[in-house]
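Take a look at the structure set out below.
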Amino acid sequence: MPNEFRRHNRRGFLGLIGAGLALVAQPAWALDTDEARALIEKSLDEVYTVINSGQPPAQMFKAFEAIFARYADVDIIARSALGPAARQAGAAGFAAYKQAFQGYIGRKYGKRFREFIGSEIEVTGARPVKSFYAVTSVAYLKGRSPMEVEWHVSDKSGQSRYFNIIIEGVNMLASERAEIGAMLARRKGDIAALTADLQQAG
């Protein structure tokens, strides 16, 4: 093989490697600002459909749970809330806990969302923050001051989902980590007992 051809071939090969490394080094924003905003707008549209449906609370809470499961990264939120104990739970134990946690969140935050009956909520913006997007919104409640709600959206799990909500400065991940941690401590680290508690809580 002529030297000139070998040099050219080697340069081409090294160029391909360099291009590949450059692509890897760039942040992979499959999700963008518009998509993050659209996800929250769609989620809130469904929340308002439930709020204005006139259903009794128990049915509303089941509907809110379904919305949560559809648009939230339940696995990440549930693992974060459980903390280090999540690594010790077996697959079946964690699956049961996650299902109970999902219902608990549906009831707990469903009660908060019922405060929005007769109100309006507006998505006001979205911006990239490190490895996720923050979507801001304002709820205009009747007879009360406007309520700010911020949603953190990511596609790290392979799908665009929100993994945190901050309502009037109260961080859902932090507050649930404290709440679930306290419940688990009362049960002396028994995740099955915690799961049974969550089925009734919220």
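Identifiers for the structure tokens are assigned positionally: chains receive A, B, ... in sequence, residues are indexed from 1 per chain, and ligands are indexed from 1 in the order shown.
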List as a tab-separated table every residue of stretch 48-132 of chain A that is in contact with stretch 180-198 of chain A, defined as an atom at most 7 Å from one of its atoms (using only C-alpha atoms), together with the nearest atom pair and the distance in Å rounded to one decimal, sorted by chain and then rising number.
```
residue	atom	partner	partner_atom	distance
A:Ala81	CA	A:Ile180	CA	6.1
A:Leu82	CA	A:Ile180	CA	6.2
A:Gly93	CA	A:Ala192	CA	6.8
A:Ala96	CA	A:Thr195	CA	6.9
A:Tyr97	CA	A:Thr195	CA	4.9
A:Ala100	CA	A:Leu198	CA	5.6
A:Phe101	CA	A:Leu198	CA	6.1
A:Tyr104	CA	A:Leu198	CA	5.8
```
Test item, strand (DSSP E or B) assignment across stretch 131-178 of chain A, answer as number ranges by chain: A: 132-140, 147-154, 161-167, 170-171
Spatial neighbours of stretch 158-175 of chain A, max dist 10 Å, only C-alpha atoms, sep filter under 4 positions, as an mmCIF file with C-alpha atoms, in the first residue's frame:
```cif
data_model
loop_
_atom_site.group_PDB
_atom_site.id
_atom_site.type_symbol
_atom_site.label_atom_id
_atom_site.label_comp_id
_atom_site.auth_asym_id
_atom_site.auth_seq_id
_atom_site.Cartn_x
_atom_site.Cartn_y
_atom_site.Cartn_z
ATOM 1 C CA ALA A 30 -33.222 15.556 22.792
ATOM 2 C CA LEU A 31 -35.711 17.488 24.916
ATOM 3 C CA ASP A 32 -36.004 21.217 24.271
ATOM 4 C CA GLU A 35 -41.282 20.287 24.413
ATOM 5 C CA ALA A 36 -40.810 20.725 28.169
ATOM 6 C CA LEU A 39 -45.547 18.524 28.433
ATOM 7 C CA ILE A 40 -46.601 20.642 31.422
ATOM 8 C CA SER A 43 -50.571 17.709 31.955
ATOM 9 C CA PHE A 68 -49.166 11.560 37.563
ATOM 10 C CA ALA A 69 -48.271 8.133 36.164
ATOM 11 C CA ARG A 70 -48.553 9.442 32.613
ATOM 12 C CA TYR A 71 -46.465 12.615 32.899
ATOM 13 C CA ALA A 72 -44.194 12.176 35.957
ATOM 14 C CA ASP A 73 -41.047 10.068 36.253
ATOM 15 C CA VAL A 74 -42.578 7.984 39.032
ATOM 16 C CA ASP A 75 -39.560 5.671 39.312
ATOM 17 C CA ILE A 76 -37.115 8.538 39.918
ATOM 18 C CA ILE A 77 -39.433 10.323 42.363
ATOM 19 C CA ALA A 78 -40.202 7.119 44.283
ATOM 20 C CA ARG A 79 -36.507 6.179 44.509
ATOM 21 C CA SER A 80 -35.532 9.670 45.622
ATOM 22 C CA ALA A 81 -38.211 9.659 48.314
ATOM 23 C CA TYR A 109 -51.348 16.313 45.449
ATOM 24 C CA ARG A 112 -53.786 20.401 46.473
ATOM 25 C CA PHE A 132 -33.128 19.508 33.010
ATOM 26 C CA TYR A 133 -35.686 22.176 32.154
ATOM 27 C CA ALA A 134 -37.589 24.314 34.637
ATOM 28 C CA VAL A 135 -41.112 25.190 33.526
ATOM 29 C CA THR A 136 -42.761 28.001 35.486
ATOM 30 C CA SER A 137 -46.469 28.532 35.980
ATOM 31 C CA VAL A 138 -48.802 30.702 38.031
ATOM 32 C CA PRO A 146 -51.463 33.889 42.917
ATOM 33 C CA MET A 147 -49.566 30.640 43.552
ATOM 34 C CA GLU A 148 -46.272 29.957 41.778
ATOM 35 C CA VAL A 149 -45.628 26.379 40.662
ATOM 36 C CA GLU A 150 -42.373 25.253 39.023
ATOM 37 C CA TRP A 151 -41.951 21.909 37.247
ATOM 38 C CA HIS A 152 -38.628 20.189 36.559
ATOM 39 C CA VAL A 153 -38.629 18.199 33.325
ATOM 40 C CA SER A 154 -36.055 15.731 32.003
ATOM 41 C CA GLU A 179 -41.937 12.387 54.893
ATOM 42 C CA ILE A 180 -41.163 8.920 53.543
ATOM 43 C CA GLY A 181 -37.951 8.780 55.582
#
```
Once DSSP has gone over the backbone, tell me which residues of stretch 46-99 of chain A are in helix (DSSP H, G or I), as a VMD selection string. chain A and resid 46 to 51 57 to 71 74 to 87 91 to 99
Can you measure atom CA of A:Ala126 to atom CA of A:Ala139 for me? One decimal in Å is fine.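 These atoms are spaced 15.8 Å apart.
In terms of minimum interatomic distance to A:Val47, A:Arg114 ranks closest within A:Gly83, A:Ala89, A:Arg114, A:Gln59, counting only C-alpha atoms.
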Could you tell me which of A:Ala38, A:Ala201, A:Ile67, A:Ala178 comes closest to A:Phe113 if we count only C-alpha atoms?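 For A:Phe113, the nearest of the candidates is A:Ile67.
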